[in-house]
>>> print(open('coords-v6.tsv').read())   # TSV, C-alpha atoms
chain	number	residue	atom	x	y	z
A	1	MET	CA	-12.81	53.25	-11.55
A	2	LYS	CA	-15.93	52.49	-9.56
A	3	ILE	CA	-17.43	50.62	-12.51
A	4	ALA	CA	-14.24	48.52	-12.78
A	5	GLN	CA	-14.37	47.71	-9.07
A	6	VAL	CA	-18.01	46.71	-9.33
A	7	LEU	CA	-17.22	44.46	-12.29
A	8	LEU	CA	-14.31	42.83	-10.46
A	9	THR	CA	-16.46	42.25	-7.40
A	10	ALA	CA	-19.21	40.77	-9.52
A	11	LEU	CA	-16.78	38.48	-11.35
A	12	ALA	CA	-15.27	37.31	-8.06
A	13	ALA	CA	-18.71	36.58	-6.65
A	14	PHE	CA	-19.61	34.72	-9.84
A	15	GLY	CA	-16.41	32.68	-9.59
A	16	LEU	CA	-17.12	31.75	-5.99
A	17	ALA	CA	-20.69	30.82	-6.85
A	18	THR	CA	-19.52	28.69	-9.78
A	19	THR	CA	-16.94	26.90	-7.60
A	20	ALA	CA	-19.51	26.28	-4.88
A	21	SER	CA	-21.96	24.94	-7.44
A	22	ALA	CA	-19.33	22.62	-8.92
A	23	GLN	CA	-18.53	21.25	-5.45
A	24	GLN	CA	-22.22	20.76	-4.72
A	25	ASP	CA	-22.73	18.88	-7.98
A	26	TYR	CA	-19.64	16.69	-7.48
A	27	PRO	CA	-19.20	14.33	-9.16
A	28	ASN	CA	-20.76	15.13	-12.52
A	29	ARG	CA	-18.29	13.17	-14.67
A	30	PRO	CA	-16.03	10.08	-14.36
A	31	ILE	CA	-13.34	10.05	-11.67
A	32	THR	CA	-9.83	8.76	-12.31
A	33	TRP	CA	-8.03	6.63	-9.74
A	34	VAL	CA	-4.30	6.47	-10.44
A	35	VAL	CA	-2.81	3.10	-9.46
A	36	PRO	CA	1.01	3.32	-9.43
A	37	PHE	CA	1.56	-0.33	-10.31
A	38	THR	CA	1.06	-2.63	-13.30
A	39	PRO	CA	-2.33	-4.15	-14.20
A	40	ALA	CA	-3.34	-7.52	-12.69
A	41	GLY	CA	-1.18	-7.15	-9.59
A	42	GLN	CA	-2.57	-7.13	-6.05
A	43	ALA	CA	-2.89	-3.34	-5.85
A	44	ASP	CA	-4.59	-3.13	-9.25
A	45	THR	CA	-6.99	-5.98	-8.49
A	46	ALA	CA	-8.02	-4.51	-5.14
A	47	ALA	CA	-8.40	-1.02	-6.64
A	48	ARG	CA	-10.77	-2.34	-9.30
A	49	VAL	CA	-12.93	-4.18	-6.74
A	50	LEU	CA	-13.17	-1.02	-4.64
A	51	ALA	CA	-13.71	1.24	-7.65
A	52	LYS	CA	-16.70	-0.77	-8.92
A	53	VAL	CA	-18.55	-0.56	-5.60
A	54	PHE	CA	-17.44	3.02	-4.93
A	55	GLY	CA	-18.56	4.11	-8.41
A	56	ASP	CA	-21.98	2.51	-7.97
A	57	LYS	CA	-22.45	4.32	-4.67
A	58	ILE	CA	-21.24	7.74	-5.78
A	59	GLY	CA	-23.05	7.54	-9.11
A	60	GLN	CA	-20.12	7.90	-11.50
A	61	GLN	CA	-17.70	5.62	-13.35
A	62	ILE	CA	-14.28	5.20	-11.77
A	63	VAL	CA	-11.52	4.92	-14.37
A	64	ILE	CA	-8.40	3.04	-13.28
A	65	ASP	CA	-5.23	4.60	-14.72
A	66	ASN	CA	-2.15	2.40	-14.17
A	67	ARG	CA	1.02	4.51	-13.91
A	68	PRO	CA	3.79	2.14	-12.76
A	69	GLY	CA	7.38	3.16	-12.19
A	70	ALA	CA	9.93	4.06	-9.50
A	71	GLY	CA	8.11	2.07	-6.83
A	72	GLY	CA	5.01	4.24	-7.14
A	73	ILE	CA	6.70	7.64	-7.30
A	74	ILE	CA	5.64	8.32	-10.90
A	75	GLY	CA	1.96	7.83	-10.10
A	76	ALA	CA	2.23	9.90	-6.92
A	77	GLU	CA	3.85	12.80	-8.77
A	78	MET	CA	1.16	12.69	-11.45
A	79	VAL	CA	-1.62	13.05	-8.88
A	80	MET	CA	0.25	15.66	-6.86
A	81	ASN	CA	0.40	17.86	-9.95
A	82	ALA	CA	-3.20	17.20	-11.04
A	83	LYS	CA	-5.98	19.76	-10.70
A	84	PRO	CA	-7.30	19.55	-7.11
A	85	ASP	CA	-10.95	19.10	-8.02
A	86	GLY	CA	-11.62	15.54	-6.87
A	87	TYR	CA	-11.47	14.01	-10.33
A	88	THR	CA	-7.93	12.61	-10.00
A	89	ILE	CA	-7.36	10.45	-6.92
A	90	PHE	CA	-4.28	8.47	-5.88
A	91	TYR	CA	-4.71	4.85	-4.89
A	92	GLY	CA	-1.58	5.07	-2.76
A	93	SER	CA	0.10	2.23	-0.92
A	94	SER	CA	2.67	1.80	1.84
A	95	GLY	CA	5.55	2.15	-0.63
A	96	PRO	CA	5.03	5.58	-2.21
A	97	MET	CA	3.05	7.02	0.72
A	98	GLY	CA	4.92	5.51	3.67
A	99	ILE	CA	8.35	4.07	2.97
A	100	LEU	CA	9.83	5.94	0.01
A	101	PRO	CA	9.34	9.43	1.53
A	102	LYS	CA	11.53	8.26	4.43
A	103	LEU	CA	14.02	6.37	2.27
A	104	HIS	CA	14.71	9.15	-0.27
A	105	LYS	CA	16.31	12.32	1.06
A	106	ASN	CA	15.13	14.54	-1.80
A	107	LEU	CA	11.79	13.08	-2.84
A	108	SER	CA	9.60	15.48	-4.80
A	109	TYR	CA	6.58	15.13	-2.51
A	110	ASP	CA	5.43	14.71	1.07
A	111	PRO	CA	2.40	12.41	1.63
A	112	VAL	CA	0.80	14.83	4.09
A	113	LYS	CA	1.88	18.24	2.76
A	114	ASN	CA	1.30	17.59	-0.94
A	115	PHE	CA	-1.79	15.40	-0.58
A	116	VAL	CA	-5.04	15.32	1.33
A	117	PRO	CA	-5.31	11.85	2.91
A	118	ILE	CA	-8.90	10.70	2.36
A	119	ALA	CA	-9.02	7.11	3.59
A	120	ALA	CA	-6.70	4.41	4.87
A	121	VAL	CA	-8.36	1.39	3.28
A	122	ALA	CA	-6.81	-1.93	4.32
A	123	VAL	CA	-3.66	-3.63	5.59
A	124	SER	CA	-2.27	-6.87	4.18
A	125	PRO	CA	0.16	-8.68	6.51
A	126	LEU	CA	3.19	-10.27	4.90
A	127	VAL	CA	3.66	-14.03	4.88
A	128	LEU	CA	7.12	-15.60	5.12
A	129	LEU	CA	7.52	-18.03	2.22
A	130	ILE	CA	10.16	-20.62	1.36
A	131	PRO	CA	10.50	-22.86	-1.69
A	132	PRO	CA	10.37	-26.65	-1.36
A	133	GLY	CA	13.69	-28.48	-1.45
A	134	LYS	CA	15.55	-26.27	1.01
A	135	PRO	CA	17.34	-27.77	4.04
A	136	TYR	CA	14.74	-26.11	6.29
A	137	LYS	CA	11.02	-26.88	6.37
A	138	THR	CA	9.85	-24.90	9.40
A	139	PHE	CA	10.50	-21.43	10.76
A	140	LYS	CA	12.69	-22.78	13.57
A	141	GLU	CA	14.79	-24.77	11.11
A	142	PHE	CA	15.10	-21.68	8.91
A	143	VAL	CA	16.33	-19.54	11.82
A	144	ASP	CA	18.87	-22.19	12.89
A	145	TYR	CA	20.15	-22.48	9.32
A	146	ALA	CA	20.34	-18.70	8.86
A	147	ARG	CA	22.34	-18.26	12.06
A	148	LYS	CA	24.81	-20.93	10.96
A	149	ASN	CA	25.12	-19.35	7.51
A	150	PRO	CA	25.26	-15.55	7.96
A	151	GLU	CA	25.13	-13.46	4.77
A	152	LYS	CA	24.58	-16.57	2.63
A	153	LEU	CA	20.78	-16.67	2.52
A	154	THR	CA	18.96	-14.41	0.05
A	155	PHE	CA	15.57	-12.74	0.34
A	156	SER	CA	13.71	-11.11	-2.52
A	157	SER	CA	11.47	-8.08	-2.83
A	158	VAL	CA	9.60	-6.19	-5.54
A	159	GLY	CA	12.04	-3.32	-5.17
A	160	ILE	CA	14.12	-1.23	-2.80
A	161	GLY	CA	11.90	0.44	-0.24
A	162	SER	CA	9.04	-2.04	-0.57
A	163	THR	CA	7.41	-3.64	2.46
A	164	GLN	CA	8.96	-6.95	1.35
A	165	HIS	CA	12.38	-5.30	1.50
A	166	LEU	CA	11.88	-3.79	4.95
A	167	GLY	CA	10.21	-6.97	6.20
A	168	GLY	CA	13.32	-8.95	5.24
A	169	GLU	CA	15.58	-6.40	6.91
A	170	MET	CA	13.41	-6.52	10.03
A	171	LEU	CA	13.64	-10.32	10.10
A	172	SER	CA	17.43	-10.22	9.69
A	173	ILE	CA	17.70	-7.94	12.71
A	174	ALA	CA	15.32	-10.05	14.78
A	175	ILE	CA	17.04	-13.40	14.19
A	176	GLY	CA	20.52	-11.88	14.44
A	177	SER	CA	21.74	-13.08	11.07
A	178	LYS	CA	22.25	-10.86	8.04
A	179	MET	CA	20.54	-11.96	4.82
A	180	VAL	CA	21.29	-10.63	1.35
A	181	HIS	CA	18.55	-8.50	-0.26
A	182	VAL	CA	17.80	-9.19	-3.94
A	183	PRO	CA	15.42	-6.54	-5.36
A	184	TYR	CA	13.37	-7.28	-8.48
A	185	LYS	CA	11.51	-5.00	-10.88
A	186	GLY	CA	8.15	-6.50	-10.06
A	187	SER	CA	6.47	-9.43	-8.37
A	188	ALA	CA	6.41	-11.99	-11.21
A	189	PRO	CA	10.18	-12.53	-11.61
A	190	ALA	CA	10.67	-12.52	-7.83
A	191	VAL	CA	8.03	-15.22	-7.37
A	192	LEU	CA	9.46	-17.35	-10.19
A	193	ASP	CA	12.96	-17.27	-8.69
A	194	LEU	CA	11.62	-18.09	-5.23
A	195	MET	CA	9.69	-21.13	-6.52
A	196	ALA	CA	12.77	-22.25	-8.48
A	197	GLY	CA	14.86	-22.08	-5.31
A	198	ARG	CA	17.18	-19.37	-6.63
A	199	ILE	CA	15.93	-17.23	-3.72
A	200	ASP	CA	15.97	-18.72	-0.23
A	201	VAL	CA	13.10	-16.90	1.47
A	202	ALA	CA	10.71	-14.03	0.87
A	203	PHE	CA	8.01	-11.98	2.51
A	204	ASP	CA	4.97	-11.41	0.32
A	205	ASN	CA	1.21	-11.00	0.49
A	206	TYR	CA	-1.02	-14.05	0.60
A	207	ALA	CA	-3.55	-13.28	-2.15
A	208	PRO	CA	-1.26	-13.22	-5.21
A	209	ASN	CA	0.50	-16.38	-4.05
A	210	LYS	CA	-2.51	-18.46	-3.00
A	211	GLY	CA	-2.38	-20.68	-6.10
A	212	HIS	CA	1.34	-21.38	-5.64
A	213	ILE	CA	0.84	-22.13	-1.94
A	214	ASP	CA	-2.08	-24.48	-2.64
A	215	ALA	CA	0.02	-26.24	-5.30
A	216	GLY	CA	2.92	-26.72	-2.88
A	217	LYS	CA	5.28	-24.56	-4.96
A	218	MET	CA	5.99	-22.36	-1.96
A	219	ILE	CA	5.56	-23.01	1.75
A	220	PRO	CA	4.26	-20.43	4.27
A	221	ILE	CA	6.16	-20.74	7.55
A	222	GLY	CA	5.05	-17.63	9.43
A	223	VAL	CA	2.88	-14.53	9.30
A	224	ALA	CA	4.23	-11.07	10.17
A	225	ALA	CA	1.03	-10.04	11.94
A	226	GLU	CA	-0.38	-9.81	15.45
A	227	LYS	CA	-2.92	-12.54	14.75
A	228	ARG	CA	-3.22	-15.43	12.34
A	229	LEU	CA	-4.81	-14.94	8.95
A	230	THR	CA	-8.24	-16.51	8.54
A	231	SER	CA	-7.07	-17.60	5.09
A	232	LEU	CA	-4.03	-19.38	6.62
A	233	PRO	CA	-5.33	-20.56	10.00
A	234	ASP	CA	-2.63	-23.21	10.47
A	235	VAL	CA	0.32	-20.86	9.92
A	236	PRO	CA	1.53	-19.23	13.16
A	237	THR	CA	2.39	-15.59	13.59
A	238	LEU	CA	6.04	-14.72	14.13
A	239	GLY	CA	4.97	-13.56	17.59
A	240	GLU	CA	3.90	-17.11	18.36
A	241	LEU	CA	7.32	-18.19	17.10
A	242	GLU	CA	9.02	-15.90	19.66
A	243	PHE	CA	9.60	-12.89	17.37
A	244	PRO	CA	6.70	-10.53	18.20
A	245	GLU	CA	8.65	-7.52	16.93
A	246	VAL	CA	8.43	-8.78	13.34
A	247	VAL	CA	5.16	-7.22	12.21
A	248	MET	CA	4.99	-5.93	8.66
A	249	ALA	CA	2.11	-5.26	6.29
A	250	SER	CA	1.49	-3.48	3.04
A	251	TRP	CA	-1.47	-1.11	3.00
A	252	SER	CA	-3.65	0.84	0.63
A	253	SER	CA	-5.23	4.28	0.80
A	254	LEU	CA	-6.91	7.06	-1.13
A	255	ALA	CA	-5.47	10.57	-1.33
A	256	ALA	CA	-6.23	13.72	-3.34
A	257	PRO	CA	-3.93	16.56	-4.42
A	258	ALA	CA	-3.40	19.25	-1.79
A	259	GLY	CA	-5.98	21.99	-2.16
A	260	THR	CA	-8.89	19.71	-2.98
A	261	PRO	CA	-12.03	21.39	-1.53
A	262	ALA	CA	-13.20	20.06	1.83
A	263	PRO	CA	-16.78	19.32	0.63
A	264	VAL	CA	-15.35	17.09	-2.13
A	265	VAL	CA	-13.03	15.30	0.31
A	266	ASP	CA	-15.95	14.84	2.71
A	267	LYS	CA	-18.09	13.25	0.00
A	268	ILE	CA	-15.35	10.85	-1.12
A	269	ALA	CA	-14.60	9.89	2.48
A	270	ASN	CA	-18.27	9.26	3.29
A	271	VAL	CA	-18.72	7.08	0.21
A	272	MET	CA	-15.53	5.18	1.07
A	273	VAL	CA	-16.93	4.37	4.51
A	274	GLU	CA	-20.02	2.94	2.79
A	275	THR	CA	-17.84	1.09	0.28
A	276	MET	CA	-15.67	-0.54	2.94
A	277	ALA	CA	-18.81	-1.70	4.77
A	278	ASP	CA	-20.09	-3.45	1.63
A	279	PRO	CA	-20.32	-7.25	2.23
A	280	GLY	CA	-18.72	-8.04	-1.13
A	281	VAL	CA	-15.77	-5.75	-0.43
A	282	GLN	CA	-15.31	-7.20	3.04
A	283	LYS	CA	-15.35	-10.75	1.66
A	284	PHE	CA	-12.78	-9.83	-0.98
A	285	TYR	CA	-10.34	-8.50	1.61
A	286	ASN	CA	-10.97	-11.34	4.04
A	287	ASP	CA	-10.29	-13.92	1.33
A	288	ALA	CA	-7.12	-12.03	0.42
A	289	GLY	CA	-5.81	-12.22	3.98
A	290	SER	CA	-6.28	-8.48	4.49
A	291	THR	CA	-8.00	-6.37	7.14
A	292	ILE	CA	-10.17	-3.36	6.34
A	293	LEU	CA	-9.35	-0.23	8.34
A	294	ASP	CA	-12.85	0.66	9.43
A	295	LYS	CA	-13.72	4.38	9.16
A	296	ARG	CA	-10.06	5.48	9.03
A	297	VAL	CA	-10.85	8.60	7.01
A	298	LYS	CA	-9.72	12.26	6.79
A	299	ASP	CA	-7.94	13.23	10.04
A	300	LYS	CA	-7.62	9.57	11.05
A	301	ALA	CA	-6.16	8.77	7.62
A	302	ARG	CA	-3.70	11.63	8.05
A	303	GLU	CA	-2.70	10.28	11.48
A	304	PHE	CA	-2.24	6.84	9.90
A	305	TYR	CA	0.13	8.26	7.27
A	306	ILE	CA	2.18	10.00	9.96
A	307	SER	CA	2.40	7.02	12.33
A	308	GLU	CA	3.28	4.59	9.53
A	309	GLY	CA	5.89	7.00	8.19
A	310	ASN	CA	7.48	7.28	11.63
A	311	LYS	CA	7.52	3.50	11.98
A	312	PHE	CA	9.21	3.04	8.63
A	313	LYS	CA	11.72	5.80	9.39
A	314	LEU	CA	12.89	4.03	12.55
A	315	LEU	CA	13.16	0.70	10.75
A	316	ILE	CA	15.12	2.23	7.85
A	317	GLU	CA	17.55	3.84	10.32
A	318	LYS	CA	17.93	0.62	12.30
A	319	SER	CA	18.41	-1.64	9.29
A	320	GLY	CA	20.62	0.72	7.33
A	321	ALA	CA	18.44	0.28	4.23
A	322	THR	CA	19.19	2.75	1.46
A	323	ALA	CA	17.71	3.72	-1.89
A	324	GLU	CA	21.03	2.99	-3.65
>>> encode(input="coords-v6.tsv", output="structure tokens")
Amino acid sequence: MKIAQVLLTALAAFGLATTASAQQDYPNRPITWVVPFTPAGQADTAARVLAKVFGDKIGQQIVIDNRPGAGGIIGAEMVMNAKPDGYTIFYGSSGPMGILPKLHKNLSYDPVKNFVPIAAVAVSPLVLLIPPGKPYKTFKEFVDYARKNPEKLTFSSVGIGSTQHLGGEMLSIAIGSKMVHVPYKGSAPAVLDLMAGRIDVAFDNYAPNKGHIDAGKMIPIGVAAEKRLTSLPDVPTLGELEFPEVVMASWSSLAAPAGTPAPVVDKIANVMVETMADPGVQKFYNDAGSTILDKRVKDKAREFYISEGNKFKLLIEKSGATAE
């Protein structure tokens, strides 16, 4: 009996020593970042820019694994169920980590309970876009037209529960005229229908639409942010246009499965701070019309998740948005 106890104690000590050694050596092989959206989209592009710099700084290759579906839920569930060793990380955005947990009553995960928030990376304010050829050319003309034609104007989004969806609902409430939401299964078809005039107005990020804006295929008439974008200096904020309550942005973050060891989380967070301070990374986000969330890591990232979730919850309740 005593020999058995000694052996068990020795094995436990060996296991603890092995775990500690593995954490100390982290990372000693490639790390996978799960991006819950299709390749070549804004989230994927930004993730790859970050991953290259992050990988160089941490000394390991970062493998991007695109797992699109259900607005990001599929990718989130994959990471939630992954081994919590720091080798599978979720490149989570405002949809799966902020909006959808408040929109779905029985979602399989909680962003704070089932994950360890590592870093809130950047926010990308939404731009209000209209196609050419509409009877309104400015934001004021759009509001006047919408109020005279309630429930006749359409706005698109990349899916129910997206920031584009909630941004449109927020705008409807602010201007006092209901618009009809048209959800799409991705950005490409939504953008095509907007440019063709089949959709009347849409909120979207600046970066993926820059070429269309420059070509005059869509017109930016307002920015849902507290200050103007450096990439669109002539486009006023909706606050300047007398609707300061209309502030909406998509955001990105890094999170690990719950149970990931603190030393591993600390290392990833520290390298992310270095990555976000990189001049090339900062230029990328600035050119994209986004703002880096400086040093918003660990506890501050967790607080960010909670505050954003509360904000989205109130908006969902006020707008009556549903997942149906």
>>> closest_residue(input="coords-v6.tsv", among="A:Leu315, A:Met78, A:Leu192, A:Ala47", to="A:Ala174", atoms="all atoms listed in the file")
A:Leu315
>>> residues_around(input="coords-v6.tsv", residues="stretch 90-100 of chain A", least_positions_apart="3", cutoff="7 Å", atoms="all atoms listed in the file", output="PyMOL selection string")
chain A and resi 33-35+71-73+76+79+103-104+111+161-163+250-256+305+308-309+312
>>> residues_around(input="coords-v6.tsv", residues="A:Val265", least_positions_apart="6", cutoff="8 Å", atoms="only C-alpha atoms", output="PyMOL selection string")
chain A and resi 86+118+256+298
>>> atom_distance(input="coords-v6.tsv", atom1="atom CA of A:Val271", atom2="atom CA of A:Phe54")
6.7 Å
>>> residues_around(input="coords-v6.tsv", residues="A:Asp110", least_positions_apart="3", cutoff="9 Å", atoms="only C-alpha atoms", output="MDAnalysis selection string")
chainID A and resid 97 101 107 113:115
>>> closest_residue(input="coords-v6.tsv", among="A:Gln42, A:Asn81, A:Gln164, A:Thr32", to="A:Val247", atoms="all atoms listed in the file")
A:Gln164
>>> residues_around(input="coords-v6.tsv", residues="A:Lys300", least_positions_apart="4", cutoff="12 Å", atoms="only C-alpha atoms", output="list in words")
Val116, Pro117, Ile118, Ala119, Ala120, Val121, Ser253, Ala269, Leu293, Asp294, Lys295, Arg296, Phe304, Tyr305, Ile306 and Ser307 of chain A
>>> atom_distance(input="coords-v6.tsv", atom1="atom CA of A:Pro261", atom2="atom CA of A:Pro36")
23.6 Å
>>> closest_atom_pairs(input="coords-v6.tsv", of="stretch 263-307 of chain A", to="stretch 197-220 of chain A", cutoff="12 Å", atoms="all atoms listed in the file", output="CSV")
residue,atom,partner,partner_atom,distance
A:Phe284,CA,A:Ala207,CA,9.9
A:Tyr285,CA,A:Ala207,CA,9.1
A:Asn286,CA,A:Ala207,CA,9.9
A:Asp287,CA,A:Ala207,CA,7.6
A:Ala288,CA,A:Ala207,CA,4.6
A:Gly289,CA,A:Tyr206,CA,6.1
A:Ser290,CA,A:Tyr206,CA,8.6
>>> write_last_selection(input="coords-v6.tsv", atoms="C-alpha atoms", output="mmCIF file, in the frame of the given file")
data_model
loop_
_atom_site.group_PDB
_atom_site.id
_atom_site.type_symbol
_atom_site.label_atom_id
_atom_site.label_comp_id
_atom_site.auth_asym_id
_atom_site.auth_seq_id
_atom_site.Cartn_x
_atom_site.Cartn_y
_atom_site.Cartn_z
ATOM 1 C CA PHE A 284 -12.780 -9.830 -0.980
ATOM 2 C CA TYR A 285 -10.340 -8.500 1.610
ATOM 3 C CA ASN A 286 -10.970 -11.340 4.040
ATOM 4 C CA ASP A 287 -10.290 -13.920 1.330
ATOM 5 C CA ALA A 288 -7.120 -12.030 0.420
ATOM 6 C CA GLY A 289 -5.810 -12.220 3.980
ATOM 7 C CA SER A 290 -6.280 -8.480 4.490
#
>>> closest_residue(input="coords-v6.tsv", among="A:Gly176, A:Gly167, A:Pro30, A:Gly159", to="A:Thr88", atoms="all atoms listed in the file")
A:Pro30
>>> atom_distance(input="coords-v6.tsv", atom1="atom CA of A:Ser108", atom2="atom CA of A:Val123")
25.5 Å
>>> closest_residue(input="coords-v6.tsv", among="A:Lys185, A:Ala43, A:Leu166, A:Val53", to="A:Gln282", atoms="all atoms listed in the file")
A:Val53
>>> closest_residue(input="coords-v6.tsv", among="A:Arg29, A:Pro131, A:Gly222, A:Ala122", to="A:Leu50", atoms="all atoms listed in the file")
A:Ala122
>>> closest_residue(input="coords-v6.tsv", among="A:Met272, A:Val182, A:Leu126, A:Ala146", to="A:Ala224", atoms="only C-alpha atoms")
A:Leu126
>>> build_atoms(input="coords-v6.tsv", residues="stretch 295-315 of chain A", atoms="N, CA and C atoms", output="tab-separated table (two decimals), in the frame of the given file")
chain	number	residue	atom	x	y	z
A	295	LYS	N	-13.49	2.96	8.92
A	295	LYS	CA	-13.72	4.38	9.16
A	295	LYS	C	-12.45	5.17	9.44
A	296	ARG	N	-11.33	4.76	8.87
A	296	ARG	CA	-10.06	5.48	9.03
A	296	ARG	C	-9.97	6.53	7.92
A	297	VAL	N	-10.77	7.59	8.07
A	297	VAL	CA	-10.85	8.60	7.01
A	297	VAL	C	-10.45	9.99	7.52
A	298	LYS	N	-10.09	10.85	6.56
A	298	LYS	CA	-9.72	12.26	6.79
A	298	LYS	C	-8.65	12.41	7.89
A	299	ASP	N	-8.96	13.01	9.01
A	299	ASP	CA	-7.94	13.23	10.04
A	299	ASP	C	-7.33	11.92	10.52
A	300	LYS	N	-8.15	10.87	10.62
A	300	LYS	CA	-7.62	9.57	11.05
A	300	LYS	C	-6.72	8.97	9.98
A	301	ALA	N	-7.03	9.23	8.71
A	301	ALA	CA	-6.16	8.77	7.62
A	301	ALA	C	-4.83	9.53	7.66
A	302	ARG	N	-4.92	10.81	7.93
A	302	ARG	CA	-3.70	11.63	8.05
A	302	ARG	C	-2.83	11.13	9.20
A	303	GLU	N	-3.43	10.82	10.33
A	303	GLU	CA	-2.70	10.28	11.48
A	303	GLU	C	-2.06	8.94	11.13
A	304	PHE	N	-2.77	8.14	10.34
A	304	PHE	CA	-2.24	6.84	9.90
A	304	PHE	C	-0.99	7.04	9.06
A	305	TYR	N	-1.03	7.97	8.10
A	305	TYR	CA	0.13	8.26	7.27
A	305	TYR	C	1.33	8.64	8.15
A	306	ILE	N	1.09	9.51	9.12
A	306	ILE	CA	2.18	10.00	9.96
A	306	ILE	C	2.77	8.88	10.81
A	307	SER	N	1.91	8.09	11.45
A	307	SER	CA	2.40	7.02	12.33
A	307	SER	C	3.14	5.95	11.54
A	308	GLU	N	2.60	5.59	10.36
A	308	GLU	CA	3.28	4.59	9.53
A	308	GLU	C	4.62	5.13	9.02
A	309	GLY	N	4.64	6.40	8.64
A	309	GLY	CA	5.89	7.00	8.19
A	309	GLY	C	6.95	6.99	9.28
A	310	ASN	N	6.54	7.30	10.50
A	310	ASN	CA	7.48	7.28	11.63
A	310	ASN	C	8.00	5.87	11.90
A	311	LYS	N	7.11	4.89	11.78
A	311	LYS	CA	7.52	3.50	11.98
A	311	LYS	C	8.55	3.07	10.94
A	312	PHE	N	8.28	3.40	9.69
A	312	PHE	CA	9.21	3.04	8.63
A	312	PHE	C	10.54	3.77	8.77
A	313	LYS	N	10.50	5.02	9.21
A	313	LYS	CA	11.72	5.80	9.39
A	313	LYS	C	12.65	5.14	10.40
A	314	LEU	N	12.08	4.70	11.52
A	314	LEU	CA	12.89	4.03	12.55
A	314	LEU	C	13.48	2.73	12.03
A	315	LEU	N	12.68	1.97	11.28
A	315	LEU	CA	13.16	0.70	10.75
A	315	LEU	C	14.28	0.92	9.72
